[in-house]
Structures are given as structure tokens and as C-alpha cells.
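I have placed the structure first, in the form of C-alpha cells, so that the comments after it can refer back to it.
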There are 4 protein chains.
Amino acid sequence: MPPDPSRRSERSRRAILTAATELMHEVGYRRLTIEAIAARAGVGKQTIYRWWPSKGAVVLDGFLASVNATPDDLSLPDTGDVAADLRGVVRAIVAELADPKLSGTTRGLMIEMQEDAEFAGMVLDRLLGPQLRAIADRLRAAQRAGQLRADLDLSVAVELLVGPLYHRWLLRTAPLTEDYADTVTDLALRALVP
Amino acid sequence: MPPDPSRRSERSRRAILTAATELMHEVGYRRLTIEAIAARAGVGKQTIYRWWPSKGAVVLDGFLASVNATPDDLSLPDTGDVAADLRGVVRAIVAELADPKLSGTTRGLMIEMQEDAEFAGMVLDRLLGPQLRAIADRLRAAQRAGQLRADLDLSVAVELLVGPLYHRWLLRTAPLTEDYADTVTDLALRALVP
Amino acid sequence: MPPDPSRRSERSRRAILTAATELMHEVGYRRLTIEAIAARAGVGKQTIYRWWPSKGAVVLDGFLASVNATPDDLSLPDTGDVAADLRGVVRAIVAELADPKLSGTTRGLMIEMQEDAEFAGMVLDRLLGPQLRAIADRLRAAQRAGQLRADLDLSVAVELLVGPLYHRWLLRTAPLTEDYADTVTDLALRALVP
Amino acid sequence: MPPDPSRRSERSRRAILTAATELMHEVGYRRLTIEAIAARAGVGKQTIYRWWPSKGAVVLDGFLASVNATPDDLSLPDTGDVAADLRGVVRAIVAELADPKLSGTTRGLMIEMQEDAEFAGMVLDRLLGPQLRAIADRLRAAQRAGQLRADLDLSVAVELLVGPLYHRWLLRTAPLTEDYADTVTDLALRALVP
DNA sequence: GACTAAGCGAGACGGTACGTCTTGTCTTAAT
DNA sequence: ATTAAGACAAGACGTACCGTCTCGCTTAGTC
């Protein structure tokens, strides 16, 4: 029988997410344990197991909570200049992946996504999907304005833009810099314009 | 003091790699344990710890051994038609990533790479690097033949080609098909030609 | 502040005792849990904790309720023949201890008595004490009739009679049979007669 | 597959028994945990689970070790005076049961015996059986010397002697004193002599 | 041909974390 | 105010692996 969410302790929920996020930064994803989260949060282990299916889910919730604490609008700015606008997002993504603080958590989520397809769906729905969709939206606008090819598959177009970034970051083939962001943007754009 | 490789038991080495590969397919990377590999291989745990630094390293060696059992030349064919040749590699990569058997192992290696930068270097040197370099080599030939832009950063060009594939595979945003391979190839090529 | 017994739910009380007795027989004392009793009785755990100090207390109450459902007079028959009368009680005690159904509960109470002296007092007052006193009363009558030695300490006399039974039952040195009951009675009586 | 006793660590074995015995006295049987024993002994929990089937078994071994550290001859003295000799043992048993230090452990063993018949067999074989047999041996000698009735069932005779002691101790009906020991001995003997 | 010095299979060891279970308290809504 | 329901903090359970260690047993070279 599933637990009753209306009786859930908000206090405990918050303590758990805070503890998880802190410990994530202190020891990293692999050495992060449910046991330690519970201890730090002053919470019984069962309270974690009752509400989250896995370590990854707790970390995801904690990450979303810390991100949404400053809930910026996800939709990209539309200055009319596609190139400039994309350059902005790509730089932002590169900055995020290069930031050792955020990057650790994201790597943890990536790990869990490889091991658990269901969890991958969750991350996609709640974290990565919206980001990718925002880029697709901006591309769609440009496409309608005739700035991009009309026969473009937008989801592939997005991948052409961010795929290289993640490839470099995940395979650790080379460091991620702002220059690199611009190089990728320029190159990808060339494929997208009419 | 490091062990003496000349006295190493070839028999044990092989049994370990075989056991690791089999178990990898049977239970997946996460639930693969050194204990189980040793038991299956009929080998003391110490023998594994003596020669490999981590579970990932054993799996990597096992994977390389199974791949190199049929040691195909890594360098791409050069028919003169860049587009056709690239289409071939991209399709091959997509097929590999879509194959549930190979894919499981590769996901395991990706996990370990996220957790251990040193291991990432090993995988890059011995597995992924050569593959990427082979593509870069083919691109270089095309570039020299004037089929690709002269000012291209080839490593970025490679990423533009394979980044989208890995992005889709790792984030599990959509299934990998042959059609998709061709779409990506065509799109990327547009950015690479003069 | 203690709860108000006048507002107590008779319905719940009975359901708890019934559930406890049933579960006692089904899973035994050690694996009997407050949790399970509450669930079976359709009762909140707090309702049990409010009215009973321990698991043992619930079991004791349940046992007393089931025994007193058929409230036989505890006092022994007095046919004038001490030997015959004692033979009867001793046989009855042996039968009770040998009965696997009753015996499980009694073992449970014995366990709790070892762990909790206060609880031991409760069991003695409400269950074992009256039984022992009934025997002592019959012995007193016999003593007054000159059938037993005048200088006898009756409580020790009772122990001489039933001590061996419990000893055998608790230490599990040998099975309890009717023959054994008679042997003990005869032997003990020899010490009690003038 | 059972573990190989020849590779057992004597150091750990001793540390575990010592820790168990100490903790037994400090917190009592019920609150004694395997976890605490392992921690105090500086030992992995598995090392305990590997060699002992239950908490009770560890306590029993610890108790036997502490007793056998001073391995007194179990056989009773035979001065020729049965009454005096029995008085000695009975007093000794009473003293042991009245001693709060020893008594706690023995109560713990009694508890486990009620819950686990197999364990009861172990305790009987290794601890209580020999003690009872020693008394039976002394009675047999007296019987042969014509000091006791020839038709006596010795195991029942032993129970007549010690049953009352355990009865009083387990049921906590009254304190165990030396006077009481003598009263019981005298009374029981009356049933045993010709 | 004995001696020495690895590597080897085996598996016990001290640890850590797992996910589950139960305890006794606390909170909420309904009666 | 008691109740049914059940979330909660706490912490022990018994299991699974970790990486280290200690055994005898092979298996090479070296004297």
C-alpha cells in the first residue's frame, strides 16, 4: 500500500534534500549513501525509502529544488538574432558542465540514467527535457522566420548543437571552454541555415 | 612492490576476462561483482586485485579481448565519396549502440568513466580514442582532397558527427535507428563542406 | 496523564485480545508483534500502547480471557484422599504443559517473566499464584486432618510437587507424561506424610 | 558451504566471547545485540554470524569459557554423608541463582531455550546436563550404599531436589536463601531414603 | 636435486552499506 | 477524549561485497 502524501512531513523532506545536496558536494555521488543522508538529515532511513525509489531520485529532487530555488524562465531570449541567442545557451551549457560543483551532480544523474532506464525517464521529464525543448522552441521560431531550413527535424537540430558538448564532457576528451562553445555553435549553425 | 608480469598465469587471465564478460551480459554492470567474477573464473580474488585496479578495468579488458578476437582494421574505407564513407561509420556506431548486448558493456564503461577520470583516460586511449581518430583521419583525407572546408577543426568535426548519437543514446531521448544515422550524417556534413 | 478507562472501547479491547491470542498460536511469542496485533484487530497501535505496558501483558490478558471464558473453580476437589487429589492436579498441570497449544503461550509468559520482574509479578498475581495457592489450600486441609506432617512449610511443599514438572518442561530434559506425573506425586508425597 | 574451522581466528573468537560476556553484564540479555558485540570486539558482524547461529549461542559459549577458565571438577564430593553432600550442591546452586551477575546470563539462556528447542539441547548438553548428571552420580553411589531407596528413578530424584529451586527462581515467587536450600534438601531427602 | 620466491586458489577477516523490520511516539481526521 | 490510521526517528537485523590478509600448494628459476 503506497504511503499517503498528504501526511508527509515537509520538515523531513526538506532536511533530506538539503543533506543529500550537501553530501553530494562533499563526497561525490559514488560515496554518497542513504545511510549518511538519513544521519545528516536527522531522519530515519525508512522515511527516505518510503518516498524515494533510489539514491538517484533523492539527488535529482535535491538538485531540482536547489535550481528552482531561483526559478529562472527556461525559455530562451529571442533577440531576432538566432546565432547570438544560440551562442548564449551553448555557452551557458558549457559553463554549467565545466563548473565542478554542478558537474558532479550531473555526472551522478548520468550514471544513474545508464543503470536505470526508468530513472532516465524521470531525469528527462523533469530536468533535461525542458532544457532541450526550450532550445527547440527557439529554433522553431527562427525556422518560421525563415532563418533556418524549413525541412529541419528540430530534435536532431538540438542534438547537433548540444551533442558535441555532452560528448566532450562525458568522454572527457578535452576541456570545455567558451571558445569551444562558440566553435560548436558556428559549425552547427552552418548545417541549419538554408 | 609490483607483481612480476612474466610469472602471470595466462590461464587465469583468460578465465577472468571470460567470466567478467559473461557475467556482464547476465547481470549487468551494476550487479557485476569482483567476488562473482573470481568464483566463476575459479580464481582467488587476490589474483584479480593484483592485476586490475577496478571492476571497470576488468570489464574493459574483457571487452577489448572479445572485440580484438576479430581484429578488424580500424581505419575507415576511403572510396573517395566522403558522404558514403561517413554514412557507413555512423550507421555502424548506431548499430553498436542499439545492440543491447554490446550496449550494456559500453554503458558500464561510461558509468565508470564518470566516476573515475583516470579510468576515463584508459578507455579513451584504448577503445574510444582510436575509433574517433579513425574518423578524423578519413575527414582529414577529404579535407586535403578539398571536399571539406579547409579551416575545420577536425576533432570538433568528429564530435559534430558522433556527439548527437551519444547524446541520444546516453540520455535515452529516442531510439537509435539507421534512418536517424543518415539524418545526422547528412546534417553534419552540410556544416563540413566548403 | 493516564487515560480514562470509562471511555475505553470494549470492542477494541476484545479485538486486540482475540488477535493476540490467534497470532500467538500462529507465529509464536517471539515473532508476535504489536504491529501485527493492531493490524489483525483493525486497531491503531496507540490503542494497544495506551492500555497495555508490553506485548507480554497483552498476551497474558488474552490468555486469561480465553481461560476464564470457562471459569472453573480453581479450588481443588477434596475427596479426603490427599494422594488421589494431588495426583489429579499434577496430572492436569502435566497435561497443560504438554499441550503444544497452551504450552506456547505459557513459554511466552515465562520468557517475559525472565526479562521483566514487574511483569513476573503480574503473571504470578493473576495466573500462577492462584493455581499454586489452590494446591497449598488442599495441602493445608490435609495437614489439619493429620495426613501430612505438621511442621511442613506449605509453599515449599507445593514447590516440591510442581517444581520437578516445570524443571523438566523448561529445561526440556525429557517429555512430560502421565506416568511421570504419578511418579513425581508419589515421590513428593513420601516427603510430606508424617 | 560451511566455513573451515582450521582457519578460524582465535583472536577474534576470544574477543567476541569477551565482548559478549561484558555486554551481557552491562545491558542484559534482551538489549544485548550482535551489532554491539561486533563493535566492542572490533570484529565484522559476519565473523559472528559465520561461527554462531544465534545471539544465545554466543552468550552460551562466553559463559562456558568464563566458567571453564576455572575448570573445577564437576563431580560432587563423596564424604559418605549423602545429606551433607547434597546440602552442599543445593546451597551452591541456590547461591549461583541468587548471584545477580551469573543469574542474568542464566536467565538469558533460559529465555533462548524457551524460544529455540535446538538451542535448548545445546545448553543441556554443554551446561546443565553435566551438572545434573553429577548430582545423579552422587545419588547413585548413595543408592548402592543402601542410603537411598533401591527403586528410585534417579533423574526424577534429581528433579525433586533442584526443581523447587528453579521453580522459585524462574517464577520469582520468593527469594532464594541458604535456609531455603537446606529446607528443600531435607524435605526432598525424606522422599529418597528407604 | 634441493632451495627459494614468486603467483596461485581459497576463503577468513574488519568494515561499510544495504534494504527491511519493529519499536514506541506523534499527528491527523472522524466519531 | 478516544479511536483508526499511519508517518516518524531510531536502530538492529542478517546479507552482500569490498579490499586485505593469511594459508598451503604449485611452479619456476637459482644454487
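Letters for chains follow the order of the C-alpha cells (A, B, ...), residue numbers begin at 1 for each chain, and ligand numbers begin at 1 in the order shown.
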
Contact residues around Leu187 of chain D with only C-alpha atoms (C1' of nucleotides) at 9 Å, ignoring same-chain residues under 2 positions, as a list of chain:residue names: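 My reading of the contact set: C:Leu152, C:Val156, C:Ala157, C:Leu160, C:Ala188, C:Ala191, C:Leu192, D:Leu161, D:Asp182, D:Thr183, D:Val184, D:Thr185, D:Leu189, D:Arg190, D:Ala191.
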
Chain E contacts on chain C, only C-alpha atoms (C1' of nucleotides), 9 Å, as an MDAnalysis selection string: chainID C and resid 33:35 46 49

Secondary structure check, helix (DSSP H, G or I) residues of segment 40-123 of chain B, as a ChimeraX atom specification: /B:40-41,45-51,55-68,82-98,100-115,117-123

Chain F contacts on chain A, only C-alpha atoms (C1' of nucleotides), 8 Å, as number ranges by chain: A: 7-9, 42-44, 47

Residue contacts of Pro164 of chain D (7 Å, only C-alpha atoms (C1' of nucleotides)) excluding same-chain residues fewer than 5 positions away, as a PyMOL selection string: chain C and resi 159-160+163-164

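Between atom CA of Arg30 of chain A and atom CA of Ala41 of chain D there is a distance of 29.6 Å.
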
Straight-line distance linking atom CA of Arg133 of chain A with atom CA of Glu112 of chain B, stated in Å to one decimal: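 For atom CA of Arg133 of chain A relative to atom CA of Glu112 of chain B, the distance reads 29.1 Å.
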
Surrounding residues of Val193 of chain C excluding itself and chain neighbours under 4 positions, 9 Å, only C-alpha atoms (C1' of nucleotides), as a list in words: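 Contacts, in chain order: Gln143, Gly146, Gln147, Leu148, Arg149 and Leu189 of chain C.
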
Would you write out those residues with all heavy atoms, as a short mmCIF file (atom, residue, chain, number, x, y, z; two decimals), in the first residue's frame?
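After the write, out-v3.cif holds the following:
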data_model
loop_
_atom_site.label_atom_id
_atom_site.label_comp_id
_atom_site.auth_asym_id
_atom_site.auth_seq_id
_atom_site.Cartn_x
_atom_site.Cartn_y
_atom_site.Cartn_z
N GLN C 143 -3.13 -31.34 55.99
CA GLN C 143 -2.26 -31.18 57.17
C GLN C 143 -3.12 -31.11 58.44
O GLN C 143 -2.83 -31.77 59.44
CB GLN C 143 -1.46 -29.89 57.00
CG GLN C 143 -0.36 -29.69 58.02
CD GLN C 143 0.40 -28.40 57.74
OE1 GLN C 143 -0.21 -27.40 57.39
NE2 GLN C 143 1.72 -28.43 57.90
N GLY C 146 -4.26 -34.22 59.72
CA GLY C 146 -3.21 -35.10 60.22
C GLY C 146 -2.64 -36.02 59.15
O GLY C 146 -1.85 -36.91 59.43
N GLN C 147 -2.99 -35.78 57.90
CA GLN C 147 -2.46 -36.65 56.83
C GLN C 147 -1.09 -36.21 56.37
O GLN C 147 -0.36 -36.96 55.72
CB GLN C 147 -3.43 -36.64 55.64
CG GLN C 147 -4.80 -37.22 55.98
CD GLN C 147 -5.81 -36.96 54.89
OE1 GLN C 147 -5.77 -35.89 54.27
NE2 GLN C 147 -6.71 -37.90 54.69
N LEU C 148 -0.73 -34.99 56.68
CA LEU C 148 0.61 -34.50 56.34
C LEU C 148 1.31 -34.02 57.59
O LEU C 148 0.66 -33.71 58.61
CB LEU C 148 0.51 -33.34 55.34
CG LEU C 148 -0.18 -33.63 54.00
CD1 LEU C 148 -0.09 -32.41 53.10
CD2 LEU C 148 0.46 -34.84 53.35
N ARG C 149 2.63 -33.98 57.54
CA ARG C 149 3.42 -33.56 58.69
C ARG C 149 3.00 -32.16 59.13
O ARG C 149 2.71 -31.29 58.31
CB ARG C 149 4.91 -33.53 58.33
CG ARG C 149 5.43 -34.90 57.94
CD ARG C 149 6.80 -34.78 57.29
NE ARG C 149 7.58 -33.72 57.90
CZ ARG C 149 8.55 -33.92 58.79
NH1 ARG C 149 8.86 -35.14 59.15
NH2 ARG C 149 9.20 -32.88 59.30
N LEU C 189 4.99 -36.99 47.79
CA LEU C 189 4.11 -37.26 48.93
C LEU C 189 4.86 -37.94 50.08
O LEU C 189 4.62 -37.67 51.26
CB LEU C 189 2.95 -38.15 48.49
CG LEU C 189 1.62 -37.41 48.31
CD1 LEU C 189 0.52 -38.35 47.88
CD2 LEU C 189 1.24 -36.70 49.63
#

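We find atom C1' of DT31 of chain E and atom CA of Glu10 of chain C to be spaced 15.3 Å apart.
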
Distance query segment 84-89 of chain A at most 10 Å, only C-alpha atoms (C1' of nucleotides), self and fewer than 4 positions along chain excluded, as a list in words: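 Contacts, with the query itself left out: Leu76, Pro77, Asp78, Thr79, Gly80, Ile93, Val94, Ala95, Gln131, Ala134, Ile135, Arg138, Leu139, Leu161, Val162, Glu178, Ala181, Asp182, Thr183, Val184, Thr185, Asp186 and Leu189 of chain A.
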
Which of C:Gly28, C:Pro175, C:Pro53, C:Pro130 sits closest to chain D [using only C-alpha atoms]: C:Gly28

Distance table requested - chain E against segment 26-30 of chain F, cut-off 9 Å, only C-alpha atoms (C1' of nucleotides): one row per qualifying residue with the closest atom pair and its distance in Å to one decimal, ordered by chain and rising residue number, as JSON lines.
{"residue": "E:DC3", "atom": "C1'", "partner": "F:DT30", "partner_atom": "C1'", "distance": 8.2}
{"residue": "E:DT4", "atom": "C1'", "partner": "F:DT30", "partner_atom": "C1'", "distance": 8.1}
{"residue": "E:DA6", "atom": "C1'", "partner": "F:DA28", "partner_atom": "C1'", "distance": 8.5}
{"residue": "E:DG7", "atom": "C1'", "partner": "F:DT27", "partner_atom": "C1'", "distance": 8.6}
{"residue": "E:DC8", "atom": "C1'", "partner": "F:DT26", "partner_atom": "C1'", "distance": 7.5}

Got time to write the residues from that selection, C-alpha atoms (C1' of nucleotides), as a compact mmCIF listing (two decimals), in the first residue's frame?
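Below is the file that was written, again_2.txt:
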# COMPACT_ATOMS: atom_id res chain seq x y z
C1' DC E 3 66.03 -24.26 -2.21
C1' DT E 4 63.78 -20.09 -2.69
C1' DA E 6 57.04 -15.64 -6.56
C1' DG E 7 51.92 -16.46 -8.20
C1' DC E 8 48.03 -19.03 -7.28

Contacts of Leu127 of chain C within 10 Å, only C-alpha atoms (C1' of nucleotides), excl. fewer than 6 positions in-chain, as a list in words: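 Result of the neighbour search: Leu60, Asp61, Phe63, Leu64, Val67 and Gly121 of chain C.
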